[in-house]
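Enquirer: Quick one: the structure is below, and I'll ask about it shortly.
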Amino acid sequence: MRRGLIAWSRDEVPAAALDARVAKLQAAMRAEGLDAVLVYTSFPRPAAVAWLTHFVPYWNDGLLAVFPDGAPVLLASFSKRVHPWIREVSHVGEVRAAPDLGQAAAALLGERRAARVGVVELDALPWRIAAPLAGAGLVDASALYLRARHPADAVEIALAERATGIAKRALAAAAEGARLASHALAAAEKCARLEGAEDVIARLAPDLREDATPMRMEGDAPLGARWALELTVSYKGTTVRVARSFASGALPASWQEAEAWFRRTLALSAMAEGAPGRIASYRVDVPLGTAPLDLWDADGPETSVPLEHGTLVVLSVSLALKDGPWLAAAPALISRRALG
Amino acid sequence: VSAQSSRVLREERRERLDAALAESGLDALVVAGDPWRSDYLRYALDVTPLEGRAFAIVERGAPPRLMVDSPAEAARFARERPDAAVSWSRSAIADAERAIRELGARRAALAPLAAVPYRLAAGPLGATLAEGTALLDRLMLLKSPREIEAVRKAAALADEGYRVFREAARAGRAEYELVAEVESFFRSRGCPENFQILGSGGREVRGMHPPGDRRLQAGDLVTTELTPCVDGYYAQICRTLVIGPATDAQRRAFAVYDDALAAGVAALKPGAAAGDVARAENAVFRREGLGDYVTSEYTRVRGHGLGLYVDARPMLLEDVALVLRPDMTLIVHPNTYHPEVGYFVHGDTVRVSADGCEVMTRTARELFEVSA
């Protein structure tokens, strides 16, 4: 719950780009005969509304109502005092005060005579919001949203490049002379936030020889000779994840091979041949819905969601090397290139 | 901050939860959470999600279960809670739904209202949502001595964080740069979470928000509330500073907020209603002809509970009848707009004691002036 810089740069995110995204969703709605689509936003689930409007909440929650034509309406459970700030940092049509989001949405849908209403991630909509809408003919609009959402447009790619650069520099700052987890995290946090990160989420494996699980650090721990840090960095509504393994002294030879293999894998959008060790685990995260990143693929259940070329993804891997565990994560565009 | 104190708190909470389940005739509790509403999960299972959704099933006399939708989070939780059965899948909601069905005839309740998704509430435990939420709310309202100690440490950390904020505040610095300094400081102290908003400027400022790119100017009032946690327990401080020397109007305004904070703290004692504290704060504004500014048009609440969530029960509002009891922890903050100087904040973390309250915040109650 730690928002950093929230500001709308019209140069980086032109209103026309946001309008084009909304238009893409509206075209999909018309094709499926939907009278409205509701998109939920909150502190942990801001991604879909941010993609459409650049609005990122720091508190409370909201529902974006998109109709087949016109600008979206934001129902916001914030007090009216916050509305000028919402207008300053986002591109929406009407902003309505909605202390009870469900009732406000029901009233709005009634006004607009919306009979067939899609909800992005209907199953997950908070019950307190869904209950007053139970009779509104809701259908799940997650797949429809996903078709409009990808592949990444030029604005998203540029923001992801910037977020990746921030994360890489923060990781480099973390490594400078850090002996404790708290030193590394403080340095990374400061670097990322001074560069304008909207949010930074850190998981750290303080001693890879002991355990390679990246942890949420509550308290402190000494850093071992080999450790890893994973940073999830959001920048103006776009989120990437970058992880690096660190070794005191010379980089182990197998780590150098691993880094080369990881770069090839990102460029190929597929696991490259010749991994220098066993792939202990991997996962591919993508902004599929309201979360900044959702799991798309991993060494577990098969995915059923196809992704288009040019979709922004994050690959995270853990390799079991002869020199011990090695972790890495970085974003890429499917079938196009690595970022950053 | 130590793993040991966190473990002791975990065991203590689990004992209290088991006792409450037994008293309610419940066999199990299904608890939902996410990175924002992690408080109920933290109470029930001592876990704090960083991403995705999580559902815990806590059964009397059985190891806890935790279902998440991220393999990275599952690996972390499995390491943090080796006693729990942790699983992940693409839909933790579907997993939780199955697990609820498997509870069969056992008497279970669902919680909390703030985080339970549509699909689970529409299922067989939907009718138990109020009961399950109320059970955990009751437990979280009154703090044990160890929980109070965690809040006390968090209040001390908030004091230090405010010192860092004050030292960072200079003309020419951007709002987000101040927050970068504070967040970095908290990480350096092992604190993983902080809720912070701020405002800067003059009469045009109506509230606080996340940091923007506005640069501070001489004469600005700079407001902030910052809310770090220790062992999961939050404390908050609200203060206002001036870039450069304060004007007479800013000093006069400060006197009103300082009187209101003192009045609120004086009214905070066992047996008083939460609404009494709000009325005591608001009476000072009304006495000064500022009664319009204690309405919802200008302010949200006059304080609130603190604990495993940054904005916990009870809300300090005139119509809240909840009776205060010893060992509740709160912040009293008469924050609101002032027509002469703009939005102004001033608040301390407190604990209701046997005969009044303990003020945990140590930062001086003053209108700080920093060099322009």
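Residue numbering restarts at 1 for every chain of the structure tokens, chains are lettered A, B, ... in their displayed order, and ligands are numbered from 1 as they appear.
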Show me, as a Markdown table, the residues of chain B having an atom within 7 Å of chain A, each with the closest atom pair and its distance in Å, using only C-alpha atoms.

Expert:
| residue | atom | partner | partner_atom | distance |
| --- | --- | --- | --- | --- |
| B:Val1 | CA | A:Gly219 | CA | 5.2 |
| B:Ser2 | CA | A:Gly219 | CA | 6.0 |
| B:Pro35 | CA | A:Pro44 | CA | 6.0 |
| B:Trp36 | CA | A:Pro44 | CA | 6.2 |
| B:Ser70 | CA | A:Leu295 | CA | 6.5 |
| B:Ala75 | CA | A:Thr213 | CA | 6.6 |
| B:Arg76 | CA | A:Met215 | CA | 5.8 |
| B:Leu113 | CA | A:Arg128 | CA | 6.8 |
| B:Ala115 | CA | A:Pro126 | CA | 6.2 |
| B:Val116 | CA | A:Pro126 | CA | 5.8 |
| B:Pro117 | CA | A:Pro126 | CA | 4.4 |
| B:Tyr118 | CA | A:Trp127 | CA | 4.4 |
| B:Arg119 | CA | A:Asp123 | CA | 4.8 |
| B:Ala121 | CA | A:Trp127 | CA | 6.3 |
| B:Tyr176 | CA | A:Leu5 | CA | 5.2 |
| B:Glu177 | CA | A:Leu194 | CA | 5.6 |
| B:Val179 | CA | A:Gly4 | CA | 7.0 |
| B:Ala180 | CA | A:Arg193 | CA | 5.2 |
| B:Glu181 | CA | A:Lys190 | CA | 6.4 |
| B:Glu183 | CA | A:Glu189 | CA | 6.9 |
| B:Ser184 | CA | A:Ala186 | CA | 4.4 |
| B:Phe185 | CA | A:Ala186 | CA | 6.5 |
| B:Arg187 | CA | A:Ala186 | CA | 4.8 |
| B:Ser188 | CA | A:Ser182 | CA | 4.6 |
| B:Arg189 | CA | A:Ser182 | CA | 6.6 |
| B:Gly190 | CA | A:Gly219 | CA | 4.1 |
| B:Cys191 | CA | A:Glu218 | CA | 6.0 |
| B:Pro192 | CA | A:Glu218 | CA | 5.6 |
| B:Glu193 | CA | A:Met1 | CA | 6.3 |
| B:Asn194 | CA | A:Arg2 | CA | 5.9 |
| B:Phe195 | CA | A:Met1 | CA | 5.6 |
| B:Gln196 | CA | A:Arg2 | CA | 6.9 |
| B:Arg206 | CA | A:Arg81 | CA | 6.4 |
| B:Gly207 | CA | A:Arg81 | CA | 6.7 |
| B:Pro210 | CA | A:Arg3 | CA | 6.2 |
| B:Pro211 | CA | A:Leu5 | CA | 5.2 |
| B:Gly212 | CA | A:Leu5 | CA | 5.2 |
| B:Asp213 | CA | A:Ala7 | CA | 6.7 |
| B:Tyr298 | CA | A:Arg81 | CA | 6.9 |

Enquirer: Could you pull out the strand (DSSP E) residues of stretch 62-159 of chain B from DSSP and send them as a list in words?

Expert: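 These are the residues in question: Arg65, Leu66, Met67, Val68, Ala85, Val86, Ser87, Trp88, Ala108, Ala109, Leu110 and Ala111 of chain B.
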
Enquirer: Find the spatial neighbours of stretch 282-293 of chain B, counting only C-alpha atoms, within a cut-off of 7 Å - ignore same-chain residues fewer than 2 positions away - and output them as a PDB file with all heavy atoms, in the first residue's frame.

Expert:
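Now in around_1.pdb:
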ATOM      1  N   VAL B 256      -6.387  25.993  16.361  1.00  0.00           N
ATOM      2  CA  VAL B 256      -7.709  25.339  16.348  1.00  0.00           C
ATOM      3  C   VAL B 256      -7.543  23.820  16.277  1.00  0.00           C
ATOM      4  O   VAL B 256      -8.160  23.068  17.046  1.00  0.00           O
ATOM      5  CB  VAL B 256      -8.548  25.837  15.140  1.00  0.00           C
ATOM      6  CG1 VAL B 256      -9.880  25.089  15.077  1.00  0.00           C
ATOM      7  CG2 VAL B 256      -8.765  27.340  15.211  1.00  0.00           C
ATOM      8  N   ASP B 259      -6.138  22.429  19.512  1.00  0.00           N
ATOM      9  CA  ASP B 259      -7.183  22.347  20.553  1.00  0.00           C
ATOM     10  C   ASP B 259      -8.119  21.174  20.267  1.00  0.00           C
ATOM     11  O   ASP B 259      -8.539  20.457  21.181  1.00  0.00           O
ATOM     12  CB  ASP B 259      -8.006  23.635  20.597  1.00  0.00           C
ATOM     13  CG  ASP B 259      -7.260  24.782  21.277  1.00  0.00           C
ATOM     14  OD1 ASP B 259      -6.146  24.540  21.784  1.00  0.00           O
ATOM     15  OD2 ASP B 259      -7.785  25.903  21.260  1.00  0.00           O
ATOM     16  N   ALA B 260      -8.462  20.986  19.004  1.00  0.00           N
ATOM     17  CA  ALA B 260      -9.396  19.910  18.644  1.00  0.00           C
ATOM     18  C   ALA B 260      -8.775  18.543  18.918  1.00  0.00           C
ATOM     19  O   ALA B 260      -9.446  17.630  19.421  1.00  0.00           O
ATOM     20  CB  ALA B 260      -9.792  20.020  17.176  1.00  0.00           C
ATOM     21  N   ALA B 278     -15.563  12.352  18.397  1.00  0.00           N
ATOM     22  CA  ALA B 278     -15.768  13.201  17.219  1.00  0.00           C
ATOM     23  C   ALA B 278     -16.455  14.504  17.617  1.00  0.00           C
ATOM     24  O   ALA B 278     -16.078  15.588  17.157  1.00  0.00           O
ATOM     25  CB  ALA B 278     -16.599  12.450  16.178  1.00  0.00           C
ATOM     26  N   ARG B 279     -17.458  14.400  18.502  1.00  0.00           N
ATOM     27  CA  ARG B 279     -18.176  15.612  18.932  1.00  0.00           C
ATOM     28  C   ARG B 279     -17.236  16.569  19.666  1.00  0.00           C
ATOM     29  O   ARG B 279     -17.308  17.782  19.493  1.00  0.00           O
ATOM     30  CB  ARG B 279     -19.364  15.238  19.825  1.00  0.00           C
ATOM     31  CG  ARG B 279     -20.671  15.074  19.052  1.00  0.00           C
ATOM     32  CD  ARG B 279     -21.860  14.888  19.977  1.00  0.00           C
ATOM     33  NE  ARG B 279     -21.802  13.587  20.656  1.00  0.00           N
ATOM     34  CZ  ARG B 279     -22.183  12.443  20.100  1.00  0.00           C
ATOM     35  NH1 ARG B 279     -22.682  12.432  18.890  1.00  0.00           N
ATOM     36  NH2 ARG B 279     -22.084  11.304  20.765  1.00  0.00           N
ATOM     37  N   ALA B 280     -16.349  16.002  20.498  1.00  0.00           N
ATOM     38  CA  ALA B 280     -15.408  16.857  21.246  1.00  0.00           C
ATOM     39  C   ALA B 280     -14.489  17.600  20.276  1.00  0.00           C
ATOM     40  O   ALA B 280     -14.216  18.792  20.450  1.00  0.00           O
ATOM     41  CB  ALA B 280     -14.593  15.990  22.209  1.00  0.00           C
ATOM     42  N   THR B 295     -18.163  18.872   8.282  1.00  0.00           N
ATOM     43  CA  THR B 295     -19.141  18.054   7.563  1.00  0.00           C
ATOM     44  C   THR B 295     -18.435  17.210   6.489  1.00  0.00           C
ATOM     45  O   THR B 295     -17.269  17.438   6.169  1.00  0.00           O
ATOM     46  CB  THR B 295     -20.184  18.957   6.869  1.00  0.00           C
ATOM     47  OG1 THR B 295     -19.483  19.771   5.912  1.00  0.00           O
ATOM     48  CG2 THR B 295     -20.894  19.850   7.875  1.00  0.00           C
ATOM     49  N   TYR B 298     -16.149  18.437   3.625  1.00  0.00           N
ATOM     50  CA  TYR B 298     -14.755  18.868   3.807  1.00  0.00           C
ATOM     51  C   TYR B 298     -13.849  17.839   4.469  1.00  0.00           C
ATOM     52  O   TYR B 298     -12.636  17.979   4.444  1.00  0.00           O
ATOM     53  CB  TYR B 298     -14.723  20.162   4.645  1.00  0.00           C
ATOM     54  CG  TYR B 298     -15.351  21.328   3.935  1.00  0.00           C
ATOM     55  CD1 TYR B 298     -16.663  21.698   4.198  1.00  0.00           C
ATOM     56  CD2 TYR B 298     -14.637  22.042   2.971  1.00  0.00           C
ATOM     57  CE1 TYR B 298     -17.251  22.767   3.537  1.00  0.00           C
ATOM     58  CE2 TYR B 298     -15.208  23.111   2.297  1.00  0.00           C
ATOM     59  CZ  TYR B 298     -16.516  23.468   2.587  1.00  0.00           C
ATOM     60  OH  TYR B 298     -17.093  24.519   1.922  1.00  0.00           O
ATOM     61  N   THR B 336      -9.158  18.568   8.431  1.00  0.00           N
ATOM     62  CA  THR B 336     -10.184  19.125   7.550  1.00  0.00           C
ATOM     63  C   THR B 336      -9.660  20.385   6.866  1.00  0.00           C
ATOM     64  O   THR B 336      -8.551  20.842   7.126  1.00  0.00           O
ATOM     65  CB  THR B 336     -11.487  19.441   8.320  1.00  0.00           C
ATOM     66  OG1 THR B 336     -12.525  19.714   7.377  1.00  0.00           O
ATOM     67  CG2 THR B 336     -11.333  20.634   9.257  1.00  0.00           C
ATOM     68  N   TYR B 337     -10.497  20.911   5.998  1.00  0.00           N
ATOM     69  CA  TYR B 337     -10.156  22.143   5.271  1.00  0.00           C
ATOM     70  C   TYR B 337     -10.348  23.348   6.188  1.00  0.00           C
ATOM     71  O   TYR B 337     -11.287  23.399   6.976  1.00  0.00           O
ATOM     72  CB  TYR B 337     -11.071  22.260   4.052  1.00  0.00           C
ATOM     73  CG  TYR B 337     -10.810  23.475   3.208  1.00  0.00           C
ATOM     74  CD1 TYR B 337      -9.671  23.554   2.409  1.00  0.00           C
ATOM     75  CD2 TYR B 337     -11.695  24.556   3.212  1.00  0.00           C
ATOM     76  CE1 TYR B 337      -9.419  24.676   1.630  1.00  0.00           C
ATOM     77  CE2 TYR B 337     -11.456  25.672   2.439  1.00  0.00           C
ATOM     78  CZ  TYR B 337     -10.314  25.726   1.650  1.00  0.00           C
ATOM     79  OH  TYR B 337     -10.072  26.840   0.886  1.00  0.00           O
TER      80      TYR B 337
END

Enquirer: Which neighbours of stretch 153-163 of chain A fall inside 7 Å, counting only C-alpha atoms, when residues of the same chain fewer than 4 positions from it are skipped, and could you give them as a PyMOL selection string?

Expert: chain A and resi 12-13+167+233-235+238-240+339-340

Enquirer: Generate a file of the selected residues that holds C-alpha atoms, formatted as a compact mmCIF listing (two decimals), in the first residue's frame.

Expert:
# COMPACT_ATOMS: atom_id res chain seq x y z
CA GLU A 12 3.87 9.82 -22.32
CA VAL A 13 0.20 8.86 -22.33
CA ALA A 167 13.80 -1.52 -12.15
CA VAL A 233 7.73 -1.82 -10.76
CA SER A 234 4.70 0.11 -11.96
CA TYR A 235 5.06 3.27 -13.99
CA THR A 238 2.20 -0.26 -16.70
CA THR A 239 3.85 -2.95 -14.60
CA VAL A 240 6.94 -5.06 -15.24
CA LEU A 339 12.59 -4.95 -23.33
CA GLY A 340 15.00 -2.65 -21.57

Enquirer: Give me every alpha helix (DSSP H) residue in stretch 131-326 of chain A, going by DSSP on the backbone, as a ChimeraX atom specification.

Expert: /A:142-149,154-175,181-194,253-268

Enquirer: Applying 9 Å and only C-alpha atoms, which residues near B:Ser91 remain after dropping the ones on its own chain fewer than 3 positions away? List them as a PyMOL selection string.

Expert: chain B and resi 53+68-69+88+94-96

Enquirer: Selection from above, C-alpha atoms, as a PDB file, in the first residue's frame, can you write it?

Expert:
ATOM      1  CA  ARG B  53      -5.974 -13.335  -4.190  1.00  0.00           C
ATOM      2  CA  VAL B  68      -3.589 -18.590  -3.909  1.00  0.00           C
ATOM      3  CA  ASP B  69      -3.377 -17.799  -7.611  1.00  0.00           C
ATOM      4  CA  TRP B  88      -1.954 -22.484  -6.119  1.00  0.00           C
ATOM      5  CA  ALA B  94     -12.569 -21.923  -7.820  1.00  0.00           C
ATOM      6  CA  ASP B  95     -10.256 -23.746  -5.402  1.00  0.00           C
ATOM      7  CA  ALA B  96     -11.868 -22.034  -2.426  1.00  0.00           C
TER       8      ALA B  96
END

Enquirer: Looking at only C-alpha atoms, which of B:Leu41, B:Ala364, B:Ala32, B:Ile331 is the one that sits closest to B:Leu129?

Expert: B:Ala32

Enquirer: Please, what distance in Å, to one decimal, runs between atom CA of B:Ser371 and atom CA of B:Leu221?

Expert: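 Computing the Euclidean distance for atom CA of B:Ser371 and atom CA of B:Leu221 yields 12.6 Å.
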